[in-house]
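S.K.: Structure file upload.cif (mmCIF, C-alpha atoms) is given on the next line.
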data_coords
#
loop_
_atom_site.group_PDB
_atom_site.id
_atom_site.type_symbol
_atom_site.label_atom_id
_atom_site.label_comp_id
_atom_site.auth_asym_id
_atom_site.auth_seq_id
_atom_site.Cartn_x
_atom_site.Cartn_y
_atom_site.Cartn_z
ATOM 1 C CA MET B 328 -34.390 31.517 42.939
ATOM 2 C CA ALA B 329 -34.344 33.903 45.895
ATOM 3 C CA TYR B 330 -32.176 33.091 48.878
ATOM 4 C CA LYS B 331 -34.155 32.037 51.937
ATOM 5 C CA PRO B 332 -32.303 31.815 55.244
ATOM 6 C CA ARG B 333 -32.560 28.527 57.069
ATOM 7 C CA VAL B 334 -34.677 28.907 60.170
ATOM 8 C CA THR B 335 -34.192 26.360 62.886
ATOM 9 C CA LYS B 336 -36.373 25.711 65.882
ATOM 10 C CA ALA B 337 -35.196 27.593 68.971
ATOM 11 C CA ASP B 338 -33.814 25.490 71.790
ATOM 12 C CA PRO B 339 -36.475 25.593 74.544
ATOM 13 C CA GLU B 340 -33.773 25.570 77.243
ATOM 14 C CA PHE B 341 -32.118 28.675 75.766
ATOM 15 C CA VAL B 342 -35.448 30.465 75.256
ATOM 16 C CA GLU B 343 -36.370 29.745 78.871
ATOM 17 C CA ALA B 344 -33.025 31.072 80.135
ATOM 18 C CA VAL B 345 -33.401 34.322 78.157
ATOM 19 C CA VAL B 346 -37.003 34.855 79.269
ATOM 20 C CA THR B 347 -36.003 34.188 82.883
ATOM 21 C CA GLU B 348 -33.214 36.788 82.669
ATOM 22 C CA LEU B 349 -35.465 39.390 81.020
ATOM 23 C CA THR B 350 -38.119 38.838 83.683
ATOM 24 C CA ARG B 351 -35.529 39.049 86.460
ATOM 25 C CA TYR B 352 -34.130 42.288 84.986
ATOM 26 C CA ARG B 353 -37.626 43.818 84.784
ATOM 27 C CA ASP B 354 -38.639 42.748 88.285
ATOM 28 C CA GLU B 355 -35.385 43.770 90.035
ATOM 29 C CA ARG B 356 -35.642 47.263 88.550
ATOM 30 C CA HIS B 357 -39.401 47.522 89.108
ATOM 31 C CA LEU B 358 -39.946 48.255 85.420
ATOM 32 C CA LYS B 359 -43.223 48.063 83.571
ATOM 33 C CA ASP B 360 -43.342 45.922 80.434
ATOM 34 C CA GLN B 361 -43.631 49.134 78.424
ATOM 35 C CA ASP B 362 -40.333 50.399 79.877
ATOM 36 C CA LEU B 363 -38.525 47.128 79.195
ATOM 37 C CA ALA B 364 -39.891 47.056 75.642
ATOM 38 C CA LYS B 365 -38.587 50.579 75.032
ATOM 39 C CA LEU B 366 -35.117 49.595 76.256
ATOM 40 C CA LEU B 367 -35.140 46.682 73.808
ATOM 41 C CA GLY B 368 -36.456 48.828 70.942
ATOM 42 C CA ILE B 369 -39.649 46.814 70.505
ATOM 43 C CA SER B 370 -43.360 47.270 71.174
ATOM 44 C CA LYS B 371 -45.052 46.171 74.390
ATOM 45 C CA PRO B 372 -47.172 43.539 72.552
ATOM 46 C CA THR B 373 -44.019 42.052 71.033
ATOM 47 C CA LEU B 374 -42.361 41.900 74.453
ATOM 48 C CA SER B 375 -45.436 40.132 75.836
ATOM 49 C CA LYS B 376 -45.195 37.531 73.066
ATOM 50 C CA TYR B 377 -41.506 36.998 73.866
ATOM 51 C CA LEU B 378 -42.191 36.609 77.590
ATOM 52 C CA ASN B 379 -45.114 34.240 76.907
ATOM 53 C CA ARG B 380 -42.850 32.255 74.580
ATOM 54 C CA SER B 381 -45.345 32.527 71.714
ATOM 55 C CA ILE B 382 -42.692 33.973 69.372
ATOM 56 C CA ARG B 383 -38.937 33.583 69.501
ATOM 57 C CA ILE B 384 -36.638 36.511 70.154
ATOM 58 C CA GLY B 385 -34.824 37.602 66.991
ATOM 59 C CA GLY B 386 -31.098 38.259 66.749
ATOM 60 C CA PRO B 387 -31.026 42.087 67.004
ATOM 61 C CA VAL B 388 -33.366 42.154 70.011
ATOM 62 C CA LEU B 389 -31.479 39.304 71.646
ATOM 63 C CA ALA B 390 -28.203 41.176 71.150
ATOM 64 C CA ARG B 391 -29.689 44.371 72.679
ATOM 65 C CA ALA B 392 -30.878 42.356 75.675
ATOM 66 C CA PHE B 393 -27.292 41.299 76.353
ATOM 67 C CA VAL B 394 -25.553 44.550 75.397
ATOM 68 C CA VAL B 395 -27.961 47.300 76.471
ATOM 69 C CA LEU B 396 -29.480 45.560 79.497
ATOM 70 C CA GLU B 397 -26.193 43.802 80.305
ATOM 71 C CA ILE B 398 -27.908 40.528 81.097
ATOM 72 C CA GLN B 399 -25.882 37.329 81.096
ATOM 73 C CA LEU B 400 -26.715 33.678 81.441
ATOM 74 C CA THR B 401 -25.067 30.300 81.479
ATOM 75 C CA TYR B 402 -26.159 28.006 78.689
ATOM 76 C CA ARG B 403 -24.663 24.542 78.211
ATOM 77 C CA GLY B 404 -21.734 25.441 80.425
ATOM 78 C CA LYS B 405 -20.894 28.709 78.626
ATOM 79 C CA VAL B 406 -21.500 32.172 80.045
ATOM 80 C CA ILE B 407 -23.179 34.333 77.403
ATOM 81 C CA SER B 408 -22.855 38.085 77.907
ATOM 82 C CA ALA B 409 -22.430 41.382 76.031
ATOM 83 C CA ARG B 410 -18.887 40.454 75.014
ATOM 84 C CA ASP B 411 -20.342 37.758 72.743
ATOM 85 C CA PHE B 412 -22.130 40.388 70.624
ATOM 86 C CA SER B 413 -20.607 43.011 68.352
ATOM 87 C CA ILE B 414 -23.113 45.868 68.649
ATOM 88 C CA SER B 415 -22.670 49.140 70.453
ATOM 89 C CA LYS B 416 -24.503 50.034 73.638
ATOM 90 C CA ALA B 417 -26.069 53.034 71.899
ATOM 91 C CA SER B 418 -29.807 53.498 71.611
ATOM 92 C CA PRO B 419 -31.510 51.113 69.176
ATOM 93 C CA GLU B 420 -33.189 54.106 67.493
ATOM 94 C CA PRO B 421 -31.372 55.442 64.442
ATOM 95 C CA THR B 422 -30.059 58.980 64.664
ATOM 96 C CA GLY B 423 -30.506 61.612 61.976
ATOM 97 C CA ARG B 424 -27.610 62.777 59.846
ATOM 98 C CA GLN B 425 -27.010 66.186 58.400
ATOM 99 C CA ILE B 426 -25.847 66.410 54.813
ATOM 100 C CA SER B 427 -24.549 69.319 52.795
ATOM 101 C CA PHE B 428 -24.142 69.833 49.063
ATOM 102 C CA GLU B 429 -21.101 71.608 47.669
ATOM 103 C CA PHE B 430 -22.390 72.738 44.251
ATOM 104 C CA ASP B 431 -24.464 75.579 42.816
ATOM 105 C CA SER B 432 -26.228 74.020 39.841
ATOM 106 C CA PRO B 433 -28.404 70.866 39.786
ATOM 107 C CA TYR B 434 -26.368 67.684 40.026
ATOM 108 C CA LEU B 435 -27.522 64.458 38.358
ATOM 109 C CA LEU B 436 -26.535 61.631 40.697
ATOM 110 C CA LYS B 437 -27.431 58.703 38.491
ATOM 111 C CA GLU B 438 -29.711 57.754 35.642
ATOM 112 C CA THR B 439 -30.385 54.057 35.357
ATOM 113 C CA ASP B 440 -31.447 51.863 32.461
ATOM 114 C CA GLY B 441 -34.595 51.327 34.513
ATOM 115 C CA ARG B 442 -35.647 54.892 33.616
ATOM 116 C CA LEU B 443 -35.001 56.423 37.031
ATOM 117 C CA ALA B 444 -32.970 59.600 37.573
ATOM 118 C CA VAL B 445 -32.133 61.333 40.852
ATOM 119 C CA THR B 446 -31.118 64.998 40.793
ATOM 120 C CA VAL B 447 -29.983 67.055 43.774
ATOM 121 C CA GLU B 448 -30.177 70.828 43.604
ATOM 122 C CA ARG B 449 -29.746 73.805 45.902
ATOM 123 C CA LYS B 450 -33.010 75.750 46.241
ATOM 124 C CA GLY B 451 -31.543 78.689 48.094
ATOM 125 C CA PRO B 452 -29.350 79.502 51.096
ATOM 126 C CA GLY B 453 -29.584 76.667 53.569
ATOM 127 C CA THR B 454 -32.055 74.566 51.572
ATOM 128 C CA GLU B 455 -31.499 71.698 49.182
ATOM 129 C CA GLY B 456 -33.884 69.571 47.193
ATOM 130 C CA ILE B 457 -33.859 66.058 45.849
ATOM 131 C CA LEU B 458 -35.868 65.285 42.730
ATOM 132 C CA ALA B 459 -36.506 61.718 41.643
ATOM 133 C CA THR B 460 -37.688 61.403 38.037
ATOM 134 C CA VAL B 461 -39.335 58.214 36.872
ATOM 135 C CA LYS B 462 -39.830 57.868 33.107
ATOM 136 C CA ILE B 463 -42.969 55.947 32.267
ATOM 137 C CA ALA B 464 -42.748 53.586 29.278
ATOM 138 C CA GLY B 465 -44.670 54.694 26.290
#
Taking this structure as input, can you express it in the form of structure tokens?

M.R.:
Amino acid sequence: MAYKPRVTKADPEFVEAVVTELTRYRDERHLKDQDLAKLLGISKPTLSKYLNRSIRIGGPVLARAFVVLEIQLTYRGKVISARDFSISKASPEPTGRQISFEFDSPYLLKETDGRLAVTVERKGPGTEGILATVKIAG
């Protein structure tokens, strides 16, 4: 049986406090919804659904609201701010990584019982290739 996380209903008081802070942030900085959505790493339609309270704000977006936008609010007597989240203030978009291969002949990374093999080989100066081989039953 697959694990399914328990989803609880969001506290309307908390949702309202977050939406109020997001709206205040947008209005004080004279941002368009599109600009606020970009800062949060979401689409404008998704932001609209959050602000209209038709969907609840998920954990990663909620964390970015506190960390990236530096909003804070008081909920049930506790101040919630960026210090309560353990993500960096960096852009929500992933950055590319450069890799290099230190071999001259093709290198078999792994062949699985599931009939999948991945081979990495150097094609020439400055270029590398990755070949995935799938063996079809038969």

S.K.: Given the file shown, enumerate the residues that the PyMOL selection byres ((chain B and resi 364-373) around 7) captures and present them as a list in words.

M.R.: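 Against this file, the PyMOL selection byres ((chain B and resi 364-373) around 7) returns the residues Asp360, Gln361, Asp362, Leu363, Leu374, Ser375, Lys376, Tyr377, Val388, Arg391, Ala392 and Pro419 of chain B.
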
S.K.: Which distance in Å separates atom CA of B:Ile382 and atom CA of B:Val406, to one decimal?

M.R.: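 Going from atom CA of B:Ile382 over to atom CA of B:Val406, I get 23.8 Å.
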
S.K.: Between atom CA of B:Ile407 and atom CA of B:Phe341, what is the spacing in Å?

M.R.: 10.7 Å

S.K.: Could you tell me how far atom CA of B:Gln399 sits from atom CA of B:Glu340, in Å to one decimal place?

M.R.: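 For atom CA of B:Glu340 relative to atom CA of B:Gln399, the distance reads 14.7 Å.
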
S.K.: Just checking: using all atoms listed in the file, which residue out of B:Ala409, B:Leu378, B:Ile384, B:Glu397 ends up closest to B:Thr347?

M.R.: B:Leu378

S.K.: As a check of understanding, name the residues that the PyMOL selection byres ((chain B and resi 338) around 12) selects in the supplied structure, as a VMD selection string.

M.R.: chain B and resid 335 to 337 339 to 345 380 383 to 384 402 to 403
